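Trainee: Input structure: protein02.cif, which contains mmCIF, C-alpha atoms.
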```cif
data_data
#
loop_
_atom_site.label_atom_id
_atom_site.label_comp_id
_atom_site.auth_asym_id
_atom_site.auth_seq_id
_atom_site.Cartn_x
_atom_site.Cartn_y
_atom_site.Cartn_z
CA MET M 1 22.60 -12.20 19.96
CA THR M 2 19.49 -12.36 17.81
CA GLU M 3 18.90 -9.41 15.53
CA HIS M 4 15.54 -7.79 16.14
CA PHE M 5 13.45 -6.00 13.57
CA THR M 6 11.10 -3.16 14.53
CA GLY M 7 8.50 -1.19 12.67
CA GLY M 8 5.00 0.19 12.73
CA CYS M 9 2.43 2.35 11.02
CA GLN M 10 2.85 5.92 9.84
CA CYS M 11 1.19 7.56 12.86
CA GLY M 12 2.91 5.31 15.43
CA ALA M 13 -0.27 4.02 17.12
CA VAL M 14 0.79 0.47 16.18
CA ARG M 15 4.38 -0.74 16.70
CA TYR M 16 5.89 -4.22 16.44
CA ARG M 17 9.09 -6.09 17.22
CA VAL M 18 10.23 -9.50 15.98
CA ALA M 19 13.39 -11.59 16.26
CA GLY M 20 15.22 -12.32 13.03
CA PRO M 21 16.24 -13.70 10.74
CA PRO M 22 13.22 -13.51 8.43
CA SER M 23 12.10 -16.91 7.14
CA GLY M 24 10.85 -15.44 3.87
CA VAL M 25 10.80 -12.08 2.09
CA SER M 26 8.55 -11.83 -0.94
CA ILE M 27 6.65 -9.64 -3.35
CA CYS M 28 3.18 -10.71 -4.48
CA ASN M 29 1.45 -9.32 -7.59
CA CYS M 30 -1.93 -11.01 -7.05
CA ARG M 31 -5.06 -8.89 -7.34
CA MET M 32 -5.97 -9.49 -3.67
CA CYS M 33 -2.64 -8.03 -2.50
CA GLN M 34 -2.88 -5.20 -5.04
CA LYS M 35 -6.31 -4.09 -3.95
CA ALA M 36 -5.72 -4.69 -0.23
CA LEU M 37 -2.74 -2.32 -0.35
CA GLY M 38 -4.00 -0.07 -3.15
CA ASN M 39 -0.65 -0.66 -4.78
CA LEU M 40 1.15 -2.57 -7.51
CA THR M 41 2.43 -5.29 -5.18
CA GLY M 42 2.18 -6.72 -1.68
CA PRO M 43 5.73 -6.92 -0.24
CA PHE M 44 5.92 -9.02 2.94
CA ALA M 45 8.52 -10.43 5.36
CA SER M 46 7.65 -13.46 7.50
CA PHE M 47 9.40 -14.77 10.60
CA LYS M 48 9.48 -17.99 12.61
CA ALA M 49 9.60 -15.93 15.79
CA ARG M 50 6.29 -14.60 17.04
CA VAL M 51 5.58 -10.98 16.18
CA ALA M 52 5.13 -8.87 19.35
CA TRP M 53 2.86 -5.81 19.28
CA THR M 54 4.74 -3.32 21.42
CA ARG M 55 2.15 -0.56 21.02
CA GLY M 56 -1.45 -0.98 19.93
CA ALA M 57 -2.52 -3.72 17.52
CA PRO M 58 -3.76 -3.77 13.94
CA LYS M 59 -7.39 -3.86 12.94
CA LEU M 60 -8.08 -7.03 10.94
CA PHE M 61 -10.06 -7.48 7.75
CA ARG M 62 -10.80 -11.08 6.76
CA SER M 63 -10.28 -10.98 3.00
CA SER M 64 -11.22 -14.66 2.59
CA ASP M 65 -11.86 -17.67 4.81
CA ARG M 66 -8.12 -18.34 5.02
CA VAL M 67 -6.56 -14.90 5.17
CA TRP M 68 -6.67 -11.91 7.52
CA ARG M 69 -5.09 -8.54 6.67
CA GLY M 70 -4.15 -6.01 9.32
CA PHE M 71 -3.84 -2.23 9.20
CA CYS M 72 -3.71 0.74 11.56
CA ALA M 73 -7.24 1.91 12.31
CA ASN M 74 -5.94 5.44 12.96
CA CYS M 75 -3.76 6.16 9.93
CA GLY M 76 -4.50 3.25 7.58
CA THR M 77 -0.99 1.86 7.01
CA PRO M 78 -1.33 -1.73 5.72
CA LEU M 79 0.69 -3.84 8.17
CA THR M 80 0.05 -7.58 8.01
CA TYR M 81 -1.03 -10.69 6.11
CA GLN M 82 -1.77 -13.86 8.04
CA TRP M 83 -3.24 -17.32 7.56
CA GLY M 84 -5.88 -18.03 10.19
CA ALA M 85 -7.18 -15.80 12.96
CA SER M 86 -4.19 -16.55 15.20
CA GLY M 87 -1.51 -17.07 12.54
CA ASN M 88 1.85 -15.35 12.97
CA PRO M 89 1.52 -12.36 10.65
CA ALA M 90 3.82 -11.52 7.77
CA LEU M 91 4.71 -7.80 7.89
CA THR M 92 4.68 -5.23 5.08
CA ILE M 93 8.24 -4.35 4.11
CA GLY M 94 7.54 -0.61 3.92
CA SER M 95 6.34 -0.54 7.54
CA PHE M 96 9.70 -1.70 8.92
CA ASP M 97 11.91 1.02 10.39
CA ARG M 98 14.71 -0.06 8.02
CA PRO M 99 12.99 -1.51 4.94
CA ASP M 100 16.30 -1.63 3.04
CA GLU M 101 17.39 -4.54 5.28
CA LEU M 102 14.63 -6.74 3.86
CA MET M 103 15.39 -7.90 0.34
CA PRO M 104 12.66 -9.91 -1.40
CA THR M 105 13.98 -13.20 -2.78
CA VAL M 106 10.69 -14.63 -4.05
CA GLU M 107 8.03 -13.17 -6.34
CA PHE M 108 4.48 -14.54 -6.47
CA ALA M 109 1.90 -14.18 -9.24
CA ARG M 110 4.25 -12.73 -11.83
CA ASP M 111 1.46 -13.40 -14.36
CA ASN M 112 -0.38 -10.46 -12.80
CA ARG M 113 2.57 -8.06 -12.73
CA HIS M 114 1.63 -4.47 -13.45
CA PRO M 115 3.03 -3.70 -16.94
CA ILE M 116 5.51 -1.15 -15.53
CA PHE M 117 7.60 -4.02 -14.13
CA LEU M 118 8.41 -5.09 -17.68
CA ARG M 119 10.09 -1.74 -18.35
CA TYR M 120 10.76 -0.27 -14.94
CA ASP M 121 13.71 1.80 -16.08
CA SER M 122 11.55 3.65 -18.63
CA MET M 123 10.35 5.91 -15.81
CA THR M 124 12.16 9.23 -15.64
CA GLU M 125 13.54 10.46 -12.30
CA GLU M 126 12.07 13.55 -10.68
CA PRO M 127 13.61 15.11 -7.57
CA LEU M 128 11.27 15.91 -4.68
CA GLY M 129 10.74 19.64 -4.48
CA THR M 130 11.53 20.66 -8.03
CA THR M 131 10.47 24.28 -7.72
CA ASP M 132 11.59 26.88 -5.15
CA GLU M 133 8.10 26.91 -3.72
CA GLU M 134 8.08 23.16 -3.24
CA ARG M 135 11.50 23.30 -1.56
CA ASP M 136 10.27 26.05 0.78
CA ILE M 137 7.29 23.92 1.75
CA LEU M 138 9.51 20.89 2.40
CA ALA M 139 11.83 23.03 4.56
CA ILE M 140 9.07 24.11 6.96
CA LEU M 141 7.01 20.93 6.85
CA ARG M 142 6.11 19.51 10.25
CA SER M 143 5.71 15.79 9.82
CA PHE M 144 3.29 13.75 11.94
CA GLN M 145 4.98 10.49 10.93
CA HIS M 146 6.36 8.38 13.79
CA PRO M 147 10.20 8.26 13.70
CA ASP M 148 11.82 5.08 12.36
CA GLN M 149 12.60 3.77 15.85
CA ASP M 150 10.77 2.80 19.02
CA THR M 151 9.72 5.69 21.28
CA GLU M 152 8.95 5.65 25.03
CA THR M 153 5.89 7.79 24.61
CA TRP M 154 4.09 8.93 21.51
CA THR M 155 0.91 10.80 20.76
CA PRO M 156 -0.09 10.35 17.13
CA GLY M 157 -0.34 13.72 15.41
CA GLY M 158 -2.65 14.51 12.54
CA GLY M 159 -5.70 12.36 12.86
CA GLN M 160 -8.93 12.42 10.97
CA MET U 1 10.91 6.44 -26.71
CA THR U 2 7.22 5.74 -26.99
CA GLU U 3 4.84 8.65 -26.93
CA ARG U 4 3.21 9.05 -23.58
CA GLN U 5 -0.53 9.23 -23.68
CA MET U 6 -2.99 8.99 -20.82
CA PRO U 7 -5.79 6.44 -21.22
CA GLU U 8 -9.30 7.78 -21.77
CA GLY U 9 -11.74 7.80 -18.86
CA PRO U 10 -13.99 7.21 -17.11
CA PHE U 11 -12.38 4.98 -14.49
CA SER U 12 -13.72 3.26 -11.40
CA GLY U 13 -12.13 1.75 -8.33
CA GLY U 14 -12.32 1.28 -4.59
CA CYS U 15 -10.98 -0.48 -1.54
CA GLN U 16 -10.62 -4.23 -1.02
CA CYS U 17 -13.84 -4.69 0.99
CA GLY U 18 -15.94 -2.44 -1.28
CA ALA U 19 -17.13 -0.07 1.46
CA ILE U 20 -15.49 2.76 -0.52
CA ARG U 21 -15.93 3.17 -4.30
CA PHE U 22 -14.91 6.05 -6.56
CA HIS U 23 -15.31 7.28 -10.12
CA ALA U 24 -12.73 9.33 -12.01
CA LEU U 25 -13.83 11.05 -15.21
CA ALA U 26 -10.24 11.73 -16.27
CA LEU U 27 -6.70 11.30 -14.97
CA ARG U 28 -3.99 13.95 -14.81
CA ASP U 29 -0.85 13.28 -16.83
CA ASN U 30 1.31 12.48 -13.78
CA PRO U 31 1.21 8.71 -13.05
CA HIS U 32 4.24 8.02 -10.86
CA VAL U 33 5.75 6.09 -8.02
CA CYS U 34 7.12 7.92 -4.96
CA TYR U 35 9.82 6.27 -2.80
CA CYS U 36 9.94 8.91 -0.06
CA ARG U 37 9.86 7.52 3.46
CA MET U 38 6.48 9.17 4.15
CA CYS U 39 4.85 7.39 1.19
CA GLN U 40 6.60 4.10 2.06
CA LYS U 41 5.44 4.06 5.66
CA ALA U 42 1.94 5.35 4.86
CA THR U 43 1.43 2.50 2.42
CA GLY U 44 3.59 -0.15 4.16
CA ASN U 45 5.13 -0.62 0.76
CA LEU U 46 8.25 0.02 -1.30
CA PHE U 47 6.54 3.01 -2.94
CA ALA U 48 3.22 4.74 -3.38
CA ALA U 49 1.95 4.41 -6.97
CA LEU U 50 -0.26 7.42 -7.63
CA VAL U 51 -2.10 9.35 -10.34
CA GLY U 52 -3.81 12.71 -9.90
CA VAL U 53 -7.56 13.15 -10.37
CA ARG U 54 -8.85 16.73 -10.35
CA HIS U 55 -11.43 17.37 -7.62
CA GLU U 56 -14.10 18.15 -10.22
CA HIS U 57 -13.44 14.80 -11.91
CA LEU U 58 -13.62 12.69 -8.74
CA THR U 59 -16.75 11.23 -7.14
CA TRP U 60 -16.92 9.02 -4.06
CA SER U 61 -19.80 6.84 -5.20
CA ARG U 62 -19.98 4.68 -2.07
CA GLY U 63 -18.72 5.54 1.39
CA VAL U 64 -16.17 8.15 2.42
CA PRO U 65 -12.50 7.43 3.15
CA ALA U 66 -10.95 8.11 6.55
CA GLU U 67 -8.05 10.55 6.51
CA PHE U 68 -4.82 10.81 8.45
CA MET U 69 -2.95 14.12 8.25
CA SER U 70 0.61 12.89 7.75
CA SER U 71 1.90 16.49 7.99
CA GLU U 72 0.44 19.98 8.12
CA ILE U 73 0.07 20.05 4.36
CA ALA U 74 -0.92 16.52 3.38
CA ALA U 75 -3.58 13.92 4.12
CA ARG U 76 -3.63 10.20 3.39
CA GLY U 77 -6.98 8.57 2.69
CA PHE U 78 -7.84 4.95 3.49
CA CYS U 79 -10.80 2.64 4.07
CA SER U 80 -11.50 2.47 7.80
CA ASN U 81 -13.05 -0.99 7.39
CA CYS U 82 -10.40 -2.89 5.42
CA GLY U 83 -7.39 -0.52 5.39
CA THR U 84 -6.74 -0.11 1.65
CA SER U 85 -4.53 2.95 1.00
CA LEU U 86 -6.64 5.11 -1.31
CA TYR U 87 -4.93 8.46 -1.80
CA TYR U 88 -2.45 11.22 -1.01
CA ARG U 89 -3.88 14.73 -0.96
CA ALA U 90 -2.01 18.03 -0.54
CA GLN U 91 -4.03 20.68 1.29
CA GLY U 92 -5.45 23.16 -1.20
CA GLY U 93 -4.07 21.24 -4.19
CA PRO U 94 -5.97 20.95 -7.47
CA HIS U 95 -6.24 17.16 -7.35
CA VAL U 96 -6.27 14.02 -5.23
CA SER U 97 -3.48 11.53 -5.97
CA ILE U 98 -5.29 8.20 -6.13
CA SER U 99 -3.58 4.84 -5.47
CA ILE U 100 -3.19 3.10 -8.81
CA GLY U 101 -3.71 -0.36 -7.27
CA ALA U 102 -7.14 0.74 -6.06
CA PHE U 103 -8.39 1.28 -9.61
CA ASP U 104 -10.43 -1.60 -11.03
CA GLU U 105 -8.04 -1.81 -14.01
CA PRO U 106 -4.63 -0.69 -12.76
CA GLN U 107 -2.87 -2.26 -15.73
CA LYS U 108 -4.40 0.45 -17.96
CA ILE U 109 -2.48 3.17 -16.13
CA ALA U 110 1.14 3.29 -17.31
CA LEU U 111 3.66 4.90 -14.98
CA TRP U 112 5.71 7.82 -16.27
CA TYR U 113 8.14 8.84 -13.57
CA GLN U 114 9.64 8.03 -10.19
CA LEU U 115 10.53 10.43 -7.40
CA GLY U 116 11.87 10.42 -3.86
CA MET U 117 14.89 8.64 -5.35
CA GLU U 118 16.77 8.75 -2.02
CA GLY U 119 14.36 6.09 -0.73
CA LYS U 120 14.36 3.72 -3.71
CA HIS U 121 14.43 0.23 -2.20
CA PRO U 122 17.56 -1.73 -3.25
CA SER U 123 15.47 -4.63 -4.58
CA LEU U 124 14.01 -2.38 -7.29
CA PHE U 125 17.42 -2.18 -8.96
CA HIS U 126 17.45 -5.97 -9.34
CA LEU U 127 13.82 -6.81 -10.05
CA ASN U 128 14.55 -9.72 -12.31
CA ASP U 129 16.90 -11.37 -9.81
CA ILE U 130 13.92 -12.20 -7.61
CA GLU U 131 12.93 -15.85 -7.91
CA GLU U 132 9.62 -16.34 -9.70
CA ALA U 133 7.30 -18.46 -7.57
CA GLY U 134 4.43 -19.20 -9.90
CA THR U 135 0.94 -17.86 -10.36
CA THR U 136 -1.39 -16.71 -7.61
CA GLU U 137 -2.82 -20.14 -6.92
CA SER U 138 0.03 -22.45 -7.85
CA ASN U 139 1.42 -22.52 -4.30
CA GLU U 140 -1.79 -23.42 -2.54
CA SER U 141 -3.68 -26.69 -2.16
CA GLU U 142 -6.77 -27.31 -4.27
CA TYR U 143 -8.77 -27.33 -1.05
CA ASP U 144 -7.52 -23.86 -0.05
CA ILE U 145 -7.97 -22.48 -3.57
CA ALA U 146 -11.58 -23.65 -3.62
CA LEU U 147 -12.22 -22.26 -0.15
CA ILE U 148 -10.67 -18.88 -0.95
CA ARG U 149 -12.60 -18.60 -4.22
CA LYS U 150 -15.83 -19.40 -2.42
CA SER U 151 -15.20 -17.07 0.49
CA ASN U 152 -13.37 -14.23 -1.29
CA GLN U 153 -14.48 -10.97 0.37
CA GLN U 154 -12.74 -8.67 -2.10
CA HIS U 155 -15.14 -6.42 -3.94
CA PRO U 156 -15.21 -7.30 -7.67
CA ASP U 157 -13.27 -5.02 -10.04
CA HIS U 158 -16.40 -3.21 -11.19
CA ASP U 159 -19.24 -1.22 -9.66
CA THR U 160 -22.02 -3.13 -7.89
CA ASP U 161 -25.57 -2.00 -7.12
CA VAL U 162 -25.64 -3.70 -3.76
CA TRP U 163 -22.72 -4.79 -1.62
CA THR U 164 -22.32 -5.69 2.02
CA ALA U 165 -18.72 -5.41 3.17
CA ARG U 166 -17.60 -7.92 5.75
CA PRO U 167 -16.79 -5.85 8.86
CA GLY U 168 -13.19 -5.53 9.97
CA VAL U 169 -12.50 -6.31 13.63
CA LEU U 170 -10.47 -4.47 16.22
CA ARG U 171 -8.38 -6.88 18.28
#
```
Could you write out this file's structure as structure tokens?
Mentor:
Amino acid sequence: MTEHFTGGCQCGAVRYRVAGPPSGVSICNCRMCQKALGNLTGPFASFKARVAWTRGAPKLFRSSDRVWRGFCANCGTPLTYQWGASGNPALTIGSFDRPDELMPTVEFARDNRHPIFLRYDSMTEEPLGTTDEERDILAILRSFQHPDQDTETWTPGGGQ
Amino acid sequence: MTERQMPEGPFSGGCQCGAIRFHALALRDNPHVCYCRMCQKATGNLFAALVGVRHEHLTWSRGVPAEFMSSEIAARGFCSNCGTSLYYRAQGGPHVSISIGAFDEPQKIALWYQLGMEGKHPSLFHLNDIEEAGTTESNESEYDIALIRKSNQQHPDHDTDVWTARPGVLR
């Protein structure tokens, strides 16, 4: 039996499913990935099997003649990187329902690493909800994030 | 232990396509990464890397981000044209937590702490075990490198007087 991987955006308007195993799992430090995701890296998993959009589909921004990048038009989660308009997209690791199952084995553009990666362990650890007030807020918080699994029906909460 | 000091402003930044640009006069002393599952899924990433900018220090100099309320108390801002994750904002909070990668010079913003430790991705404990695969362009053909350079639609890492963002398309 082939292992399947599922995932989607934060609000759940876009969901995907793909048969494993991944053909490549990587982290890219290039400035295009950084700015496209607003982050320090672009972490992606690619597959030989075709990615199926089981709910909705990403909006695409063509960042150069070769590359398209997909995201959820409703909540903004960056979802894909693909070569060519019809290329099989690589998927952002954080958008998978179980991101811990995808371990990057390759790193691109290390020359553009954010300096924190040279001394990652210098960061101190802070628990979420340090004060009583923060813990109270976390206790009553109603999240509009889609659960980390497929759902039969789903109406994205939140919105603009 | 080196003394922690925030870099002096002002700072600029924006999304990949350049439809959204911002200015920050000063940064709060809280640059951090958050591994919680909400930040991971909102950004499609292993963490959100954020730094606070007080409302009175923040100007949206071009365009306005779209927002998704990820819970009753928090909103996530992004560019509705190209999808760049731009911020996390708690309702009624004193600042907007801006994505460090969206700044024009992210390398100037050192990170001080990490939180949401329960969600720290296992690869981040073994960063240097990941195979190094060369510079940005070393894996692509000269033809593709030339084409990408010529057709690059990413806004430059500085303010521009005039800019037309290539429109994103809904499939």
Trainee: I'd like the contact shell of stretch 161-169 of chain U - 10 Å cut-off, only C-alpha atoms, skipping same-chain residues fewer than 4 positions apart - returned as a ChimeraX atom specification.
Mentor: /M:58-64,68-71,73 /U:16-20,62,80-83,153-156
Trainee: Would you kindly report the residues of chain U within 6 Å of chain M, using only C-alpha atoms, as number ranges by chain?
Mentor: U: 16, 40-46, 67-71, 78, 82-85, 99, 101-102, 107, 112-116, 121, 123, 130-136, 148, 151-153, 168-170
Trainee: Could you tell me how far atom CA of U:Arg89 sits from atom CA of U:Ala66, in Å to one decimal place?
Mentor: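 Going from atom CA of U:Ala66 over to atom CA of U:Arg89, I get 12.3 Å.
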Trainee: Can you work out the spacing between atom CA of M:Gln149 and atom CA of M:Ala19 in Å, to one decimal?
Mentor: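 Spanning atom CA of M:Gln149 to atom CA of M:Ala19 is a straight-line distance of 15.4 Å.
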Trainee: For M:Ala90, which residue among M:Thr54, M:Glu3, M:Val25, M:Asp150 is the nearest when counting all atoms listed in the file?
Mentor: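 Result for the nearest residue to M:Ala90: M:Val25.
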Trainee: Residues within 7 Å of U:Ile100, please, as a tab-separated table (two decimals) with C-alpha atoms, keeping the file's coordinate frame. Count all atoms listed in the file; anything in the same chain fewer than 3 positions from it doesn't count.
Mentor:
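Result went into around-v7.tsv, see below:
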```
chain	number	residue	atom	x	y	z
M	38	GLY	CA	-4.00	-0.07	-3.15
M	39	ASN	CA	-0.65	-0.66	-4.78
U	49	ALA	CA	1.95	4.41	-6.97
U	50	LEU	CA	-0.26	7.42	-7.63
U	51	VAL	CA	-2.10	9.35	-10.34
U	103	PHE	CA	-8.39	1.28	-9.61
U	106	PRO	CA	-4.63	-0.69	-12.76
```
Trainee: The centre and edge lengths of an axis-aligned box containing all atoms of stretch 156-165 of chain U present in the file, extended by 4 Å on each side, are to be given in Å to one decimal, as AutoDock Vina command-line options.
Mentor:
```
--center_x -19.5 --center_y -4.3 --center_z -4.0 --size_x 20.4 --size_y 14.1 --size_z 22.4
```
Trainee: Please, what distance in Å, to one decimal, runs between atom CA of U:Ile145 and atom CA of M:Tyr81?
Mentor: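 Atom CA of M:Tyr81 lies at a distance of 16.8 Å from atom CA of U:Ile145.
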Trainee: Selected by the PyMOL selection byres ((chain U and resi 95) around 7) in the shown coordinates: which residues, as a list in words?
Mentor: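 Given this file, the PyMOL selection byres ((chain U and resi 95) around 7) evaluates to Gly52, Val53, Arg54, His55, Gly93, Pro94, Val96 and Ser97 of chain U.
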Trainee: Only C-alpha atoms, please: stretch 88-112 of chain M from the block, as an mmCIF file, in the first residue's frame.
Mentor:
```cif
data_model
loop_
_atom_site.group_PDB
_atom_site.id
_atom_site.type_symbol
_atom_site.label_atom_id
_atom_site.label_comp_id
_atom_site.auth_asym_id
_atom_site.auth_seq_id
_atom_site.Cartn_x
_atom_site.Cartn_y
_atom_site.Cartn_z
ATOM 1 C CA ASN M 88 3.846 19.014 -10.634
ATOM 2 C CA PRO M 89 4.141 21.343 -7.645
ATOM 3 C CA ALA M 90 6.507 20.909 -4.723
ATOM 4 C CA LEU M 91 4.611 21.484 -1.454
ATOM 5 C CA THR M 92 5.600 23.610 1.550
ATOM 6 C CA ILE M 93 6.563 21.355 4.449
ATOM 7 C CA GLY M 94 4.637 23.402 7.014
ATOM 8 C CA SER M 95 1.379 22.950 5.094
ATOM 9 C CA PHE M 96 1.426 19.149 5.441
ATOM 10 C CA ASP M 97 -0.840 17.716 8.132
ATOM 11 C CA ARG M 98 2.189 15.940 9.649
ATOM 12 C CA PRO M 99 5.211 18.098 8.796
ATOM 13 C CA ASP M 100 7.439 16.068 11.135
ATOM 14 C CA GLU M 101 7.290 13.176 8.637
ATOM 15 C CA LEU M 102 9.150 15.245 6.044
ATOM 16 C CA MET M 103 12.817 15.622 6.861
ATOM 17 C CA PRO M 104 14.848 17.867 4.551
ATOM 18 C CA THR M 105 17.956 16.120 3.232
ATOM 19 C CA VAL M 106 19.188 18.856 0.888
ATOM 20 C CA GLU M 107 19.863 22.545 1.477
ATOM 21 C CA PHE M 108 20.069 25.060 -1.370
ATOM 22 C CA ALA M 109 21.735 28.479 -1.412
ATOM 23 C CA ARG M 110 23.539 28.107 1.892
ATOM 24 C CA ASP M 111 25.506 31.217 0.871
ATOM 25 C CA ASN M 112 22.345 33.210 1.583
#
```
